[in-house]
$ cat data_31.pdb   # PDB, C-alpha atoms
ATOM      1  CA  MET G 249      94.196 110.178 134.621
ATOM      2  CA  SER G 250      93.725 106.744 133.090
ATOM      3  CA  HIS G 251      94.426 105.997 129.435
ATOM      4  CA  THR G 252      91.217 106.544 127.485
ATOM      5  CA  PHE G 253      92.470 106.094 123.909
ATOM      6  CA  ASP G 254      95.294 104.313 122.102
ATOM      7  CA  LEU G 255      97.325 106.763 120.084
ATOM      8  CA  LEU G 256      98.008 110.498 119.974
ATOM      9  CA  VAL G 257      99.743 111.578 116.766
ATOM     10  CA  ILE G 258     101.317 115.034 116.646
ATOM     11  CA  GLY G 259     102.881 116.699 113.645
ATOM     12  CA  ASP G 260     102.257 117.528 110.012
ATOM     13  CA  ALA G 261      99.130 117.261 107.877
ATOM     14  CA  ASN G 262      98.638 118.606 104.367
ATOM     15  CA  PRO G 263      97.164 117.819 100.968
ATOM     16  CA  ASP G 264      99.441 115.837  98.653
ATOM     17  CA  VAL G 265      99.285 116.427  94.910
ATOM     18  CA  ILE G 266     100.926 113.355  93.359
ATOM     19  CA  VAL G 267     101.795 113.221  89.656
ATOM     20  CA  GLY G 268     103.878 110.754  87.676
ATOM     21  CA  PRO G 269     105.697 108.744  86.772
ATOM     22  CA  LEU G 270     108.034 111.247  85.160
ATOM     23  CA  THR G 271     110.487 109.359  82.946
ATOM     24  CA  GLU G 272     112.638 112.352  81.919
ATOM     25  CA  PRO G 273     114.189 115.212  83.900
ATOM     26  CA  LEU G 274     111.817 117.832  85.278
ATOM     27  CA  ALA G 275     111.914 120.710  82.790
ATOM     28  CA  PHE G 276     111.566 124.445  83.325
ATOM     29  CA  GLY G 277     111.192 127.048  80.565
ATOM     30  CA  GLN G 278     107.385 126.761  80.608
ATOM     31  CA  ARG G 279     107.556 123.349  79.032
ATOM     32  CA  GLU G 280     104.554 121.126  79.710
ATOM     33  CA  GLN G 281     105.282 117.472  80.428
ATOM     34  CA  LEU G 282     102.649 114.758  80.469
ATOM     35  CA  VAL G 283     102.555 111.944  83.041
ATOM     36  CA  GLY G 284     100.357 108.904  83.427
ATOM     37  CA  SER G 285      98.379 109.827  86.512
ATOM     38  CA  GLY G 286      97.649 112.436  89.140
ATOM     39  CA  ALA G 287      95.870 112.407  92.479
ATOM     40  CA  LEU G 288      94.930 114.686  95.358
ATOM     41  CA  THR G 289      95.229 112.828  98.664
ATOM     42  CA  LEU G 290      95.912 113.418 102.349
ATOM     43  CA  GLY G 291      99.599 113.842 103.053
ATOM     44  CA  GLY G 292     101.992 114.603 105.865
ATOM     45  CA  SER G 293     103.937 111.869 107.640
ATOM     46  CA  ALA G 294     102.015 112.247 110.906
ATOM     47  CA  ALA G 295      98.614 112.408 109.199
ATOM     48  CA  ILE G 296      99.259 109.298 107.092
ATOM     49  CA  THR G 297     100.409 107.400 110.174
ATOM     50  CA  ALA G 298      97.287 108.477 112.062
ATOM     51  CA  CYS G 299      95.003 107.263 109.265
ATOM     52  CA  GLY G 300      96.852 103.963 108.969
ATOM     53  CA  ALA G 301      96.627 103.339 112.705
ATOM     54  CA  ALA G 302      92.890 104.074 112.710
ATOM     55  CA  ARG G 303      92.460 101.715 109.742
ATOM     56  CA  LEU G 304      94.187  99.027 111.816
ATOM     57  CA  GLY G 305      91.687  99.481 114.624
ATOM     58  CA  LEU G 306      93.370 101.849 117.067
ATOM     59  CA  SER G 307      91.537 104.798 118.606
ATOM     60  CA  VAL G 308      93.523 107.771 117.314
ATOM     61  CA  ARG G 309      93.592 111.515 118.009
ATOM     62  CA  PHE G 310      95.584 114.091 116.072
ATOM     63  CA  ALA G 311      97.154 117.328 117.321
ATOM     64  CA  GLY G 312      98.724 119.921 115.062
ATOM     65  CA  ARG G 313      98.033 123.027 113.044
ATOM     66  CA  VAL G 314      96.750 123.771 109.542
ATOM     67  CA  GLY G 315      95.375 126.928 107.937
ATOM     68  CA  ASN G 316      91.750 127.992 108.142
ATOM     69  CA  ASP G 317      91.510 127.674 104.361
ATOM     70  CA  PRO G 318      90.088 125.158 101.855
ATOM     71  CA  ALA G 319      93.216 123.014 102.087
ATOM     72  CA  GLY G 320      92.985 122.938 105.884
ATOM     73  CA  HIS G 321      89.346 121.918 105.780
ATOM     74  CA  PHE G 322      90.242 119.198 103.266
ATOM     75  CA  VAL G 323      92.841 117.856 105.712
ATOM     76  CA  ARG G 324      90.465 117.927 108.667
ATOM     77  CA  ASP G 325      87.694 116.206 106.713
ATOM     78  CA  ALA G 326      90.056 113.542 105.343
ATOM     79  CA  LEU G 327      91.369 112.711 108.810
ATOM     80  CA  GLY G 328      87.844 112.579 110.195
ATOM     81  CA  SER G 329      86.658 110.328 107.371
ATOM     82  CA  ALA G 330      89.489 107.926 108.240
ATOM     83  CA  GLY G 331      88.266 107.693 111.833
ATOM     84  CA  VAL G 332      90.808 110.060 113.400
ATOM     85  CA  ASP G 333      89.609 112.482 116.090
ATOM     86  CA  THR G 334      90.566 116.019 114.962
ATOM     87  CA  GLU G 335      89.303 118.070 117.907
ATOM     88  CA  ALA G 336      92.912 119.087 118.676
ATOM     89  CA  LEU G 337      93.741 120.031 115.066
ATOM     90  CA  ARG G 338      94.033 123.819 115.200
ATOM     91  CA  LEU G 339      92.860 125.975 112.272
ATOM     92  CA  ASP G 340      95.249 128.938 112.060
ATOM     93  CA  PRO G 341      93.493 132.100 110.800
ATOM     94  CA  GLY G 342      96.640 133.795 109.550
ATOM     95  CA  LEU G 343      98.778 131.110 107.900
ATOM     96  CA  SER G 344      98.166 128.776 104.984
ATOM     97  CA  THR G 345      97.976 125.004 105.151
ATOM     98  CA  PRO G 346     101.165 123.214 104.039
ATOM     99  CA  LEU G 347     101.038 121.764 100.547
ATOM    100  CA  THR G 348     103.208 119.042  99.001
ATOM    101  CA  VAL G 349     103.670 118.159  95.348
ATOM    102  CA  ALA G 350     105.270 114.763  94.784
ATOM    103  CA  VAL G 351     106.583 113.923  91.324
ATOM    104  CA  THR G 352     107.108 110.180  91.121
ATOM    105  CA  GLY G 353     109.844 108.659  88.981
ATOM    106  CA  THR G 354     110.791 105.079  88.258
ATOM    107  CA  GLY G 355     110.485 102.529  91.059
ATOM    108  CA  ASP G 356     110.035 104.142  94.470
ATOM    109  CA  ASP G 357     111.969 107.319  93.646
ATOM    110  CA  ARG G 358     110.253 110.708  93.765
ATOM    111  CA  ALA G 359     110.901 114.441  94.028
ATOM    112  CA  ILE G 360     109.047 116.231  96.824
ATOM    113  CA  LEU G 361     108.270 119.950  96.880
ATOM    114  CA  THR G 362     106.664 121.326 100.054
ATOM    115  CA  SER G 363     105.297 124.757 100.902
ATOM    116  CA  PRO G 364     105.647 124.868 104.723
ATOM    117  CA  GLY G 365     102.628 127.026 105.616
ATOM    118  CA  THR G 366     101.814 126.424 109.273
ATOM    119  CA  LEU G 367     104.630 123.918 109.865
ATOM    120  CA  ALA G 368     107.147 126.394 111.304
ATOM    121  CA  ALA G 369     104.445 127.920 113.538
ATOM    122  CA  THR G 370     103.420 124.619 115.125
ATOM    123  CA  THR G 371     104.548 124.491 118.758
ATOM    124  CA  GLY G 372     104.228 122.381 121.866
ATOM    125  CA  ASP G 373     101.280 124.561 122.860
ATOM    126  CA  ASP G 374      99.304 122.939 120.026
ATOM    127  CA  VAL G 375      99.327 119.652 121.971
ATOM    128  CA  PRO G 376      96.657 119.615 124.719
ATOM    129  CA  PRO G 377      98.083 118.384 128.042
ATOM    130  CA  ASP G 378      95.026 116.249 128.735
ATOM    131  CA  LEU G 379      95.742 114.205 125.596
ATOM    132  CA  LEU G 380      99.313 113.583 126.741
ATOM    133  CA  ALA G 381      97.906 112.340 130.038
ATOM    134  CA  THR G 382      95.314 109.971 128.571
ATOM    135  CA  ALA G 383      97.009 108.404 125.509
ATOM    136  CA  ARG G 384      98.552 104.940 125.670
ATOM    137  CA  HIS G 385     101.136 105.997 123.098
ATOM    138  CA  VAL G 386     102.330 109.318 121.601
ATOM    139  CA  HIS G 387     103.870 109.468 118.119
ATOM    140  CA  ALA G 388     105.474 112.450 116.370
ATOM    141  CA  GLY G 389     106.393 112.800 112.701
ATOM    142  CA  SER G 390     108.460 115.103 110.478
ATOM    143  CA  TYR G 391     110.763 116.360 113.219
ATOM    144  CA  PHE G 392     112.915 118.515 110.935
ATOM    145  CA  LEU G 393     109.983 120.316 109.288
ATOM    146  CA  MET G 394     108.663 121.789 112.554
ATOM    147  CA  PRO G 395     111.547 123.291 114.552
ATOM    148  CA  ARG G 396     109.429 124.856 117.282
ATOM    149  CA  LEU G 397     107.520 121.632 117.886
ATOM    150  CA  ALA G 398     110.800 119.688 117.712
ATOM    151  CA  ALA G 399     112.247 121.823 120.499
ATOM    152  CA  ALA G 400     109.243 120.967 122.671
ATOM    153  CA  LEU G 401     109.250 117.227 121.974
ATOM    154  CA  PRO G 402     111.557 116.153 124.827
ATOM    155  CA  ALA G 403     109.230 117.783 127.369
ATOM    156  CA  LEU G 404     106.071 116.536 125.626
ATOM    157  CA  PHE G 405     107.354 112.963 125.500
ATOM    158  CA  LYS G 406     108.565 113.146 129.104
ATOM    159  CA  THR G 407     105.098 114.259 130.206
ATOM    160  CA  ALA G 408     103.416 111.449 128.281
ATOM    161  CA  ARG G 409     105.795 108.873 129.741
ATOM    162  CA  SER G 410     105.181 110.196 133.252
ATOM    163  CA  HIS G 411     101.555 109.177 132.701
ATOM    164  CA  GLY G 412     102.565 105.681 131.592
ATOM    165  CA  ALA G 413     102.536 106.183 127.819
ATOM    166  CA  THR G 414     105.138 104.964 125.362
ATOM    167  CA  THR G 415     106.516 107.236 122.642
ATOM    168  CA  SER G 416     107.814 107.071 119.079
ATOM    169  CA  LEU G 417     109.418 109.407 116.564
ATOM    170  CA  ASP G 418     109.777 109.371 112.784
ATOM    171  CA  THR G 419     112.145 112.255 112.047
ATOM    172  CA  GLY G 420     111.743 112.158 108.270
ATOM    173  CA  ASP G 421     114.253 113.888 106.046
ATOM    174  CA  ASP G 422     116.216 117.000 107.007
ATOM    175  CA  PRO G 423     115.713 119.455 104.105
ATOM    176  CA  SER G 424     118.703 121.489 105.282
ATOM    177  CA  GLY G 425     120.990 118.478 104.922
ATOM    178  CA  ARG G 426     122.718 119.308 108.210
ATOM    179  CA  TRP G 427     121.404 116.458 110.398
ATOM    180  CA  GLU G 428     122.661 118.226 113.498
ATOM    181  CA  PRO G 429     122.823 115.648 116.311
ATOM    182  CA  GLU G 430     122.045 117.872 119.285
ATOM    183  CA  GLY G 431     118.336 118.331 118.589
ATOM    184  CA  PRO G 432     117.296 114.744 117.825
ATOM    185  CA  GLY G 433     119.698 113.488 120.486
ATOM    186  CA  ALA G 434     117.807 115.389 123.168
ATOM    187  CA  VAL G 435     114.529 113.677 122.342
ATOM    188  CA  PHE G 436     116.001 110.176 121.957
ATOM    189  CA  ALA G 437     116.230 109.840 125.739
ATOM    190  CA  GLU G 438     112.434 110.181 125.941
ATOM    191  CA  THR G 439     111.684 108.042 122.854
ATOM    192  CA  ASP G 440     110.795 104.361 123.076
ATOM    193  CA  TYR G 441     110.792 103.674 119.315
ATOM    194  CA  LEU G 442     112.712 105.542 116.611
ATOM    195  CA  LEU G 443     111.384 104.872 113.093
ATOM    196  CA  PRO G 444     113.712 106.203 110.349
ATOM    197  CA  ASN G 445     114.292 104.794 106.897
ATOM    198  CA  ALA G 446     117.699 103.341 106.069
ATOM    199  CA  ARG G 447     119.193 106.563 104.693
ATOM    200  CA  GLU G 448     117.844 108.620 107.591
ATOM    201  CA  ALA G 449     119.180 106.118 110.117
ATOM    202  CA  VAL G 450     122.710 106.409 108.734
ATOM    203  CA  ARG G 451     122.536 110.214 108.775
ATOM    204  CA  LEU G 452     121.079 110.293 112.306
ATOM    205  CA  ALA G 453     123.770 107.922 113.569
ATOM    206  CA  GLY G 454     126.474 110.337 112.441
ATOM    207  CA  PRO G 455     129.627 110.504 110.335
ATOM    208  CA  GLY G 456     131.488 107.268 109.760
ATOM    209  CA  THR G 457     128.400 105.086 110.033
ATOM    210  CA  GLY G 458     128.486 102.410 107.364
ATOM    211  CA  SER G 459     125.503 100.066 107.147
ATOM    212  CA  GLN G 460     121.934 100.493 108.315
ATOM    213  CA  GLY G 461     122.546  97.701 110.832
ATOM    214  CA  GLN G 462     125.441  99.605 112.353
ATOM    215  CA  ALA G 463     123.311 102.749 112.398
ATOM    216  CA  ALA G 464     120.486 100.916 114.175
ATOM    217  CA  ALA G 465     122.873  99.633 116.850
ATOM    218  CA  LEU G 466     124.319 103.098 117.424
ATOM    219  CA  LEU G 467     120.889 104.719 117.635
ATOM    220  CA  ALA G 468     119.621 102.023 120.005
ATOM    221  CA  SER G 469     122.593 102.703 122.290
ATOM    222  CA  ARG G 470     121.212 106.241 122.721
ATOM    223  CA  GLY G 471     117.911 105.094 124.192
ATOM    224  CA  PRO G 472     115.177 104.060 121.765
ATOM    225  CA  VAL G 473     114.536 100.805 119.977
ATOM    226  CA  ALA G 474     115.693 101.633 116.442
ATOM    227  CA  VAL G 475     113.269 100.361 113.783
ATOM    228  CA  VAL G 476     114.721 100.924 110.313
ATOM    229  CA  LYS G 477     112.675 100.765 107.092
ATOM    230  CA  ASN G 478     114.320  99.707 103.848
ATOM    231  CA  GLY G 479     111.553  99.678 101.258
ATOM    232  CA  ALA G 480     111.037  96.480  99.290
ATOM    233  CA  ASP G 481     114.038  94.901 101.032
ATOM    234  CA  GLY G 482     112.148  94.815 104.337
ATOM    235  CA  ALA G 483     113.215  96.228 107.694
ATOM    236  CA  LEU G 484     115.294  95.650 110.797
ATOM    237  CA  ALA G 485     115.065  96.569 114.453
ATOM    238  CA  HIS G 486     117.690  96.827 117.197
ATOM    239  CA  ASP G 487     116.714  97.001 120.867
ATOM    240  CA  GLY G 488     120.203  97.591 122.256
ATOM    241  CA  ARG G 489     120.795  93.886 122.813
ATOM    242  CA  GLY G 490     120.364  92.399 119.375
ATOM    243  CA  MET G 491     118.869  92.833 115.937
ATOM    244  CA  VAL G 492     115.868  91.260 114.211
ATOM    245  CA  THR G 493     115.072  91.508 110.505
ATOM    246  CA  THR G 494     112.191  90.852 108.143
ATOM    247  CA  ARG G 495     111.861  90.750 104.382
ATOM    248  CA  GLY G 496     109.384  92.665 102.276
ATOM    249  CA  ILE G 497     106.430  91.010 100.577
ATOM    250  CA  PRO G 498     105.601  91.111  96.841
ATOM    251  CA  VAL G 499     102.813  93.504  95.841
ATOM    252  CA  THR G 500     101.460  95.065  92.670
ATOM    253  CA  PHE G 501     103.319  98.348  93.041
ATOM    254  CA  ARG G 502     101.773 101.730  92.202
ATOM    255  CA  ASP G 503     103.780 104.270  94.202
ATOM    256  CA  ALA G 504     105.646 104.477  97.505
ATOM    257  CA  VAL G 505     104.299 107.807  98.778
ATOM    258  CA  GLY G 506     103.601 107.397 102.492
ATOM    259  CA  ALA G 507     104.710 103.763 102.631
ATOM    260  CA  GLY G 508     107.052 104.464 105.530
ATOM    261  CA  ASP G 509     104.251 106.158 107.437
ATOM    262  CA  SER G 510     101.962 103.156 106.915
ATOM    263  CA  PHE G 511     104.864 101.025 108.152
ATOM    264  CA  ASP G 512     104.906 103.188 111.297
ATOM    265  CA  ALA G 513     101.178 102.661 111.748
ATOM    266  CA  GLY G 514     101.559  98.901 111.458
ATOM    267  CA  PHE G 515     104.412  98.809 113.951
ATOM    268  CA  LEU G 516     102.553 100.932 116.486
ATOM    269  CA  ALA G 517      99.334  98.924 116.153
ATOM    270  CA  ALA G 518     101.109  95.598 116.550
ATOM    271  CA  THR G 519     103.107  96.871 119.516
ATOM    272  CA  LEU G 520     100.029  98.277 121.242
ATOM    273  CA  TYR G 521      98.254  94.975 120.618
ATOM    274  CA  GLY G 522     101.042  93.318 122.614
ATOM    275  CA  MET G 523     103.126  91.674 119.893
ATOM    276  CA  PRO G 524     106.840  91.083 120.458
ATOM    277  CA  LEU G 525     109.359  93.065 118.445
ATOM    278  CA  ARG G 526     109.938  90.519 115.677
ATOM    279  CA  GLU G 527     106.242  90.079 114.895
ATOM    280  CA  ALA G 528     105.564  93.822 115.159
ATOM    281  CA  LEU G 529     108.332  94.369 112.598
ATOM    282  CA  GLU G 530     106.710  91.834 110.259
ATOM    283  CA  VAL G 531     103.308  93.510 110.553
ATOM    284  CA  ALA G 532     104.924  96.897 109.902
ATOM    285  CA  ALA G 533     106.700  95.713 106.753
ATOM    286  CA  VAL G 534     103.448  94.229 105.440
ATOM    287  CA  CYS G 535     101.535  97.455 106.095
ATOM    288  CA  GLY G 536     104.177  99.503 104.333
ATOM    289  CA  ALA G 537     104.158  97.206 101.305
ATOM    290  CA  LEU G 538     100.370  97.011 100.991
ATOM    291  CA  SER G 539     100.088 100.803 101.021
ATOM    292  CA  THR G 540     102.022 100.997  97.730
ATOM    293  CA  ARG G 541      99.170  99.386  95.754
ATOM    294  CA  ALA G 542      97.499 102.759  95.084
ATOM    295  CA  THR G 543      98.533 106.351  94.467
ATOM    296  CA  GLY G 544      99.031 108.315  97.676
ATOM    297  CA  GLY G 545      99.665 107.442 101.279
ATOM    298  CA  THR G 546      96.195 106.474 102.510
ATOM    299  CA  PRO G 547      93.956 104.903  99.800
ATOM    300  CA  ALA G 548      95.451 101.378 100.016
ATOM    301  CA  GLN G 549      96.250 101.219 103.734
ATOM    302  CA  ALA G 550      95.600  97.773 105.166
ATOM    303  CA  THR G 551      93.012  96.640 107.668
ATOM    304  CA  TRP G 552      94.258  94.533 110.564
ATOM    305  CA  ASP G 553      92.877  91.277 109.190
ATOM    306  CA  GLU G 554      94.349  92.002 105.767
ATOM    307  CA  ALA G 555      97.764  92.716 107.232
ATOM    308  CA  ILE G 556      97.819  89.569 109.341
ATOM    309  CA  CYS G 557      97.013  87.413 106.300
ATOM    310  CA  HIS G 558     100.359  88.474 104.820
ATOM    311  CA  VAL G 559     102.522  88.152 107.925
ATOM    312  CA  PRO G 560     104.989  85.269 107.455
ATOM    313  CA  SER G 561     104.774  84.005 111.039
ATOM    314  CA  ALA G 562     100.988  84.290 111.380
ATOM    315  CA  THR G 563      99.371  80.933 112.127
ATOM    316  CA  GLN G 564      96.176  79.811 113.767
ATOM    317  CA  ALA G 565      98.231  78.812 116.800
ATOM    318  CA  SER G 566     100.083  82.090 117.257
ATOM    319  CA  PHE G 567      97.308  84.604 116.534
ATOM    320  CA  VAL G 568      93.967  84.788 118.318
ATOM    321  CA  THR G 569      91.066  87.217 118.175
ATOM    322  CA  VAL G 570      90.817  89.905 120.859
ATOM    323  CA  ASN G 571      88.156  92.601 120.603
ATOM    324  CA  GLY G 572      87.460  91.573 117.041
ATOM    325  CA  LYS G 573      91.121  91.793 115.961
ATOM    326  CA  ASN G 574      93.521  88.902 115.314
ATOM    327  CA  VAL G 575      96.442  89.497 117.660
ATOM    328  CA  SER G 576      99.068  87.227 119.177
TER     329      SER G 576
END
$ encode --input "data_31.pdb" --output "structure tokens"
Amino acid sequence: MSHTFDLLVIGDANPDVIVGPLTEPLAFGQREQLVGSGALTLGGSAAITACGAARLGLSVRFAGRVGNDPAGHFVRDALGSAGVDTEALRLDPGLSTPLTVAVTGTGDDRAILTSPGTLAATTGDDVPPDLLATARHVHAGSYFLMPRLAAALPALFKTARSHGATTSLDTGDDPSGRWEPEGPGAVFAETDYLLPNAREAVRLAGPGTGSQGQAAALLASRGPVAVVKNGADGALAHDGRGMVTTRGIPVTFRDAVGAGDSFDAGFLAATLYGMPLREALEVAAVCGALSTRATGGTPAQATWDEAICHVPSATQASFVTVNGKNVS
């Protein structure tokens, strides 16, 4: 089969309830605490990445599982409204849709409470083989939240690559705190781009790892290009031969929920548009920063033209318009 669309995203999707900022410790004892704002938005690392990529102009399809309940229908409708094809999003009749409550604190800190719902039941069988055969790129998110899907990822990625696709993985946090290397290590061999944040990169690299740069080099030695997000301080990438870095850009900050997932979307879009690693990293950092201007992961995601306007290296000479998008 030939590639008929740009990006297949597989993984988690759920409503996010975001409240904050909370300036004192979270209190129990039936005490009510007031915060400045609250919002109901689309959440889930994979879902936010899918929406961001569609916003940047990619043709995107989503595969995963949610409940056949009001929350699941909210997720499906939100993805569809963002331009993501949800034909492969399964509605499970027996399990509830995952739900996340994020309590924001000062700066980009937040507490995250997640009810797993369908996450543990999501498997490789939820990913249609024809989509693996026709996508230009396959991305997976929240590795540690979906153990059955995680176990299938090496085979899923291998299949996609056999059809000429590239692959990427954002593991997210490990709620167990174990960061066992055997599981992620098995999928690294079939992963073209690994997209952790700085803390995750150090944990994935293993005991004794010092800096995020050292972690990136170690992870890149295991197969993928390691692309490491570091919030307002920017990002770095190591391809096994050397490292490139980029700084963040100033924005009017609201909250950082989903910023790393919008970063992923920017990196994937720029890479699929043919940009070299350094410029793709710059686009990614811009997309992550711009997403923090509003509450939630998707409301402030950038368009392609908006992102390019903020890329430090973007000039009339180095970026041209292809299919209506400014690409290098």
$ resolve_selection --input "data_31.pdb" --expression "the PyMOL selection byres ((chain G and resi 269-278) around 9)" --output "list in words"
Val267, Gly268, Arg279, Glu280, Gln281, Leu282, Val283, Gly284, Ser285, Val351, Thr352, Gly353, Thr354, Gly355, Arg358 and Asp503 of chain G
$ resolve_selection --input "data_31.pdb" --expression "the PyMOL selection byres ((chain G and resi 310-320) around 7)" --output "list in words"
Leu256, Val257, Ile258, Gly259, Asp260, Pro263, Val308, Arg309, His321, Phe322, Val323, Arg324, Val332, Asp333, Thr334, Ala336, Leu337, Arg338, Leu339, Asp340, Pro341, Leu343, Ser344, Thr345, Thr366, Thr370, Asp374 and Val375 of chain G
$ write_last_selection --input "data_31.pdb" --atoms "C-alpha atoms" --output "CSV table (one decimal), in the frame of the given file"
chain,number,residue,atom,x,y,z
G,256,LEU,CA,98.0,110.5,120.0
G,257,VAL,CA,99.7,111.6,116.8
G,258,ILE,CA,101.3,115.0,116.6
G,259,GLY,CA,102.9,116.7,113.6
G,260,ASP,CA,102.3,117.5,110.0
G,263,PRO,CA,97.2,117.8,101.0
G,308,VAL,CA,93.5,107.8,117.3
G,309,ARG,CA,93.6,111.5,118.0
G,321,HIS,CA,89.3,121.9,105.8
G,322,PHE,CA,90.2,119.2,103.3
G,323,VAL,CA,92.8,117.9,105.7
G,324,ARG,CA,90.5,117.9,108.7
G,332,VAL,CA,90.8,110.1,113.4
G,333,ASP,CA,89.6,112.5,116.1
G,334,THR,CA,90.6,116.0,115.0
G,336,ALA,CA,92.9,119.1,118.7
G,337,LEU,CA,93.7,120.0,115.1
G,338,ARG,CA,94.0,123.8,115.2
G,339,LEU,CA,92.9,126.0,112.3
G,340,ASP,CA,95.2,128.9,112.1
G,341,PRO,CA,93.5,132.1,110.8
G,343,LEU,CA,98.8,131.1,107.9
G,344,SER,CA,98.2,128.8,105.0
G,345,THR,CA,98.0,125.0,105.2
G,366,THR,CA,101.8,126.4,109.3
G,370,THR,CA,103.4,124.6,115.1
G,374,ASP,CA,99.3,122.9,120.0
G,375,VAL,CA,99.3,119.7,122.0
$ closest_residue --input "data_31.pdb" --among "G:Glu438, G:Val505, G:Gly544, G:Gly490" --to "Pro472 (chain G)" --atoms "only C-alpha atoms"
G:Glu438
$ closest_residue --input "data_31.pdb" --among "G:Arg526, G:Lys406, G:Arg489, G:His387" --to "Leu443 (chain G)" --atoms "all atoms listed in the file"
G:His387
$ closest_residue --input "data_31.pdb" --among "G:Ser469, G:Gln460, G:Leu361, G:Leu327" --to "Val265 (chain G)" --atoms "only C-alpha atoms"
G:Leu361
$ resolve_selection --input "data_31.pdb" --expression "the PyMOL selection byres ((chain G and resi 413-424) around 7)" --output "PyMOL selection string"
chain G and resi 383-392+405+408-409+411-412+425-427+439-444+448
$ closest_residue --input "data_31.pdb" --among "G:Phe253, G:Gly431, G:Asp356, G:Arg396" --to "Asp373 (chain G)" --atoms "all atoms listed in the file"
G:Arg396
$ residues_around --input "data_31.pdb" --residues "Pro377 (chain G)" --least-positions-apart "3" --cutoff "9 Å" --atoms "all atoms listed in the file" --output "PyMOL selection string"
chain G and resi 373+380-382+404+407-408
$ residues_around --input "data_31.pdb" --residues "Pro346 (chain G)" --least-positions-apart "4" --cutoff "7 Å" --atoms "only C-alpha atoms" --output "list in words"
Asn262, Ser363, Pro364, Gly365, Thr366 and Leu367 of chain G
$ write_last_selection --input "data_31.pdb" --atoms "C-alpha atoms" --output "tab-separated table (two decimals), in the frame of the given file"
chain	number	residue	atom	x	y	z
G	262	ASN	CA	98.64	118.61	104.37
G	363	SER	CA	105.30	124.76	100.90
G	364	PRO	CA	105.65	124.87	104.72
G	365	GLY	CA	102.63	127.03	105.62
G	366	THR	CA	101.81	126.42	109.27
G	367	LEU	CA	104.63	123.92	109.86
$ closest_residue --input "data_31.pdb" --among "G:Ala437, G:Ala518, G:Met491, G:Ala555" --to "Arg470 (chain G)" --atoms "all atoms listed in the file"
G:Ala437
$ atom_distance --input "data_31.pdb" --atom1 "CA of Ala542 (chain G)" --atom2 "CA of Arg502 (chain G)"
5.3 Å
$ residues_around --input "data_31.pdb" --residues "Cys299 (chain G)" --least-positions-apart "5" --cutoff "12 Å" --atoms "only C-alpha atoms" --output "number ranges by chain"
G: 255-257, 261, 289-294, 304-310, 323-334, 506, 509-514, 517, 539, 545-551
$ closest_residue --input "data_31.pdb" --among "G:Gly372, G:Gly508, G:Pro429, G:Gly458" --to "Thr540 (chain G)" --atoms "only C-alpha atoms"
G:Gly508
$ atom_distance --input "data_31.pdb" --atom1 "CA of Lys477 (chain G)" --atom2 "CA of Val349 (chain G)"
22.8 Å
$ atom_distance --input "data_31.pdb" --atom1 "CA of Gly496 (chain G)" --atom2 "CA of Asp264 (chain G)"
25.5 Å
$ residues_near_point --input "data_31.pdb" --point "(120.4, 112.9, 118.5)" --cutoff "10 Å" --atoms "all atoms listed in the file" --output "PyMOL selection string"
chain G and resi 427-437+452-454+467+470-471
$ axis_aligned_box --input "data_31.pdb" --around "region 274-288 of chain G" --padding-each-side "5 Å" --output "AutoDock Vina command-line options"
--center_x 103.4 --center_y 118.0 --center_z 87.2 --size_x 27.0 --size_y 28.1 --size_z 26.3
